[in-house]
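Worksheet: one structure, shown below.
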Amino acid sequence: MLELNKIYNMDCLEGMKLLPNECIDLTVTSPPYDNLRTYNGNIEQWSFEKFQEIAKELYRVTKQGGVVVWIVADATIKGSETGTSFKQALYFKECGFNIHDTMIWAKPSFTAVGTLKTRYASTFEYMFVFSKGKPKTFNPIKDRKNIHAGKKKHGTIRQKDGSTVPVSSIGKRYSEFGQRFNVWNMPPEQSNSKRCHPAQFPERLAHDHIVSWSNPGDTVLDPFIGSGTTAIACINTGRNYIGFEIDPDYYEAALERIRIHAQCN
């Protein structure tokens, strides 16, 4: 059994094989996206076959009721998107996971690699939420400003047969904030450091998924931990973490980032 609250400089597939069955409450990760990033000039170790082996291991190590958050995008090759994101989602289903939700990370501006001459700029990534059975934890974030705050609820809900019935909460007053929707608007992480991981997702993104799908004391895995963002978010929220990073430069940078964070807190 690997130690908790550590990251390991190793291939995540080999690392997960060292974990016992059903030991992980939540996985939050962003795997390589086709060939959209070079990751220190090295992407040849990634393939759909490698992904399939990783998906199987994720199913094995995830607890019943556990969740995997898989943040991905597709490359465009010869005018066509690869569809790799959907292929991966369907394979997770083959492994036994449910596709619990298909969420969107919406960015305020175009940051992807590609041409704008023949298509609209892509400003989002998929955040697939896979569950092993029914999710055992859901702590919804309620930060959506309600324009009807203070007013009494009214209206109807349409049934399958086309008829309508009054909403169950009719007569109650709207609260100031409502539950967030599944499209999250967040700017990407910006860094000018050459040593920094080229696809670092924002700490807030990791934080919000972690508080949504786990509880304090739970164990969170990131098989592609990159710059250590998931570890930092776990430390800030009282979760345990395990991470793997195959690239030695990114691994050392993540360790340094975690050390600095510990010193400052």
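The chains in the structure tokens are called A, B, ... from first to last as shown; in each chain the residues are counted from 1, and the ligands are counted from 1 in the order shown.
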
Subject >> Within 6 Å of stretch 220-236 of chain A using only C-alpha atoms, minus same-chain residues under 6 positions, as a list in words >> reply: Cys12, Leu26, Thr27, Val28, Thr29, His197, Glu203, Ala206, His207, Ile242, Gly243, Phe244, Glu245, Tyr250 and Ala254 of chain A

May I have the residues from that selection written out with N, CA and C atoms, as a tab-separated table (two decimals), in the first residue's frame?
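The result, written out as again_0.tsv:
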```tsv
chain	number	residue	atom	x	y	z
A	12	CYS	N	1.37	6.15	-13.87
A	12	CYS	CA	0.20	5.95	-13.02
A	12	CYS	C	-0.37	4.54	-13.11
A	26	LEU	N	-12.54	9.39	-4.49
A	26	LEU	CA	-12.73	10.33	-5.59
A	26	LEU	C	-11.45	10.44	-6.40
A	27	THR	N	-11.58	10.48	-7.70
A	27	THR	CA	-10.47	10.81	-8.60
A	27	THR	C	-10.81	12.11	-9.32
A	28	VAL	N	-9.88	13.04	-9.30
A	28	VAL	CA	-10.01	14.28	-10.08
A	28	VAL	C	-8.76	14.40	-10.92
A	29	THR	N	-8.91	14.38	-12.23
A	29	THR	CA	-7.72	14.36	-13.08
A	29	THR	C	-8.02	14.88	-14.47
A	197	HIS	N	3.71	22.92	-15.82
A	197	HIS	CA	2.95	22.01	-16.66
A	197	HIS	C	2.14	22.81	-17.67
A	203	GLU	N	-6.86	25.84	-9.58
A	203	GLU	CA	-7.04	25.24	-8.27
A	203	GLU	C	-8.51	25.25	-7.87
A	206	ALA	N	-10.35	22.15	-9.24
A	206	ALA	CA	-10.11	20.95	-8.42
A	206	ALA	C	-10.83	21.07	-7.08
A	207	HIS	N	-10.73	22.23	-6.46
A	207	HIS	CA	-11.36	22.46	-5.16
A	207	HIS	C	-12.87	22.19	-5.22
A	242	ILE	N	-3.38	10.98	-3.13
A	242	ILE	CA	-2.31	10.19	-3.74
A	242	ILE	C	-2.21	10.66	-5.18
A	243	GLY	N	-1.00	10.90	-5.66
A	243	GLY	CA	-0.84	11.35	-7.03
A	243	GLY	C	0.33	10.68	-7.72
A	244	PHE	N	0.25	10.60	-9.04
A	244	PHE	CA	1.33	10.05	-9.85
A	244	PHE	C	1.68	11.04	-10.95
A	245	GLU	N	2.96	11.18	-11.20
A	245	GLU	CA	3.44	12.02	-12.30
A	245	GLU	C	4.68	11.37	-12.91
A	250	TYR	N	8.13	17.81	-14.00
A	250	TYR	CA	6.84	18.21	-13.43
A	250	TYR	C	6.71	17.69	-12.00
A	254	ALA	N	6.03	19.98	-8.80
A	254	ALA	CA	4.87	19.76	-7.93
A	254	ALA	C	5.29	19.64	-6.48
```

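For A:Phe130, the non-local neighbours within 6 Å, defined as residues at least 6 positions apart in the same chain or in other chains and counting only C-alpha atoms, are Val67, Val68, Phe97, Asn98, Ile99 and His100 of chain A.
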
**OP:** Just list the residues in stretch 44-259 of chain A DSSP gives strand (DSSP E) on the backbone, as a PyMOL selection string.
**Re:** chain A and resi 62-72+76-77+80-81+98-106+124-131+144-145+156-158+164-166+177-178+183-185+219-222+240-244

Against stretch 172-193 of chain A, which residues of stretch 55-143 of chain A fall within 6 Å? For each one I want the closest pair of atoms and the distance in Å (one decimal), counting only C-alpha atoms, rows by chain and increasing residue number, as a Markdown table.
```
| residue | atom | partner | partner_atom | distance |
| --- | --- | --- | --- | --- |
| A:Met103 | CA | A:Asn182 | CA | 5.1 |
| A:Ile104 | CA | A:Val183 | CA | 4.7 |
| A:Trp105 | CA | A:Trp184 | CA | 5.1 |
| A:Ala106 | CA | A:Asn185 | CA | 4.7 |
| A:Lys107 | CA | A:Pro187 | CA | 5.2 |
| A:Pro108 | CA | A:Pro187 | CA | 6.0 |
| A:Ile141 | CA | A:Arg180 | CA | 5.9 |
| A:Lys142 | CA | A:Gln179 | CA | 4.1 |
| A:Asp143 | CA | A:Phe177 | CA | 5.5 |
```

Original post:
Hey, what's within 10 Å of A:Asp74 if we count only C-alpha atoms and toss same-chain stuff fewer than 5 positions away? As a VMD selection string, please?
Top reply: chain A and resid 32 to 36 80 to 86 125 to 126

Export of the given selection (N, CA and C atoms) as a short mmCIF file (atom, residue, chain, number, x, y, z; two decimals), in the first residue's frame:
```cif
data_model
loop_
_atom_site.label_atom_id
_atom_site.label_comp_id
_atom_site.auth_asym_id
_atom_site.auth_seq_id
_atom_site.Cartn_x
_atom_site.Cartn_y
_atom_site.Cartn_z
N PRO A 32 -3.75 13.25 -20.71
CA PRO A 32 -3.29 13.85 -21.98
C PRO A 32 -4.43 13.94 -22.99
N TYR A 33 -4.49 15.04 -23.74
CA TYR A 33 -5.56 15.28 -24.71
C TYR A 33 -5.04 14.97 -26.10
N ASP A 34 -5.24 13.79 -26.61
CA ASP A 34 -4.76 13.46 -27.94
C ASP A 34 -3.32 13.97 -28.08
N ASN A 35 -3.07 14.87 -29.05
CA ASN A 35 -1.73 15.44 -29.21
C ASN A 35 -1.75 16.96 -29.04
N LEU A 36 -2.68 17.46 -28.22
CA LEU A 36 -2.81 18.91 -28.06
C LEU A 36 -1.67 19.53 -27.25
N SER A 80 -11.48 17.33 -38.66
CA SER A 80 -12.47 16.60 -37.86
C SER A 80 -11.98 16.43 -36.42
N GLU A 81 -12.86 16.71 -35.47
CA GLU A 81 -12.51 16.42 -34.09
C GLU A 81 -12.40 14.91 -33.90
N THR A 82 -11.47 14.50 -33.05
CA THR A 82 -11.19 13.07 -32.89
C THR A 82 -12.31 12.31 -32.21
N GLY A 83 -13.07 12.98 -31.34
CA GLY A 83 -14.10 12.27 -30.58
C GLY A 83 -13.54 11.40 -29.48
N THR A 84 -12.25 11.56 -29.17
CA THR A 84 -11.62 10.74 -28.14
C THR A 84 -12.33 10.87 -26.80
N SER A 85 -12.78 12.07 -26.47
CA SER A 85 -13.48 12.28 -25.20
C SER A 85 -14.68 11.35 -25.07
N PHE A 86 -15.48 11.25 -26.14
CA PHE A 86 -16.67 10.39 -26.11
C PHE A 86 -16.29 8.92 -26.11
N GLU A 125 -14.11 22.65 -22.10
CA GLU A 125 -13.64 21.27 -22.01
C GLU A 125 -14.72 20.45 -21.31
N TYR A 126 -14.74 19.17 -21.60
CA TYR A 126 -15.68 18.27 -20.93
C TYR A 126 -15.17 17.92 -19.54
#
```
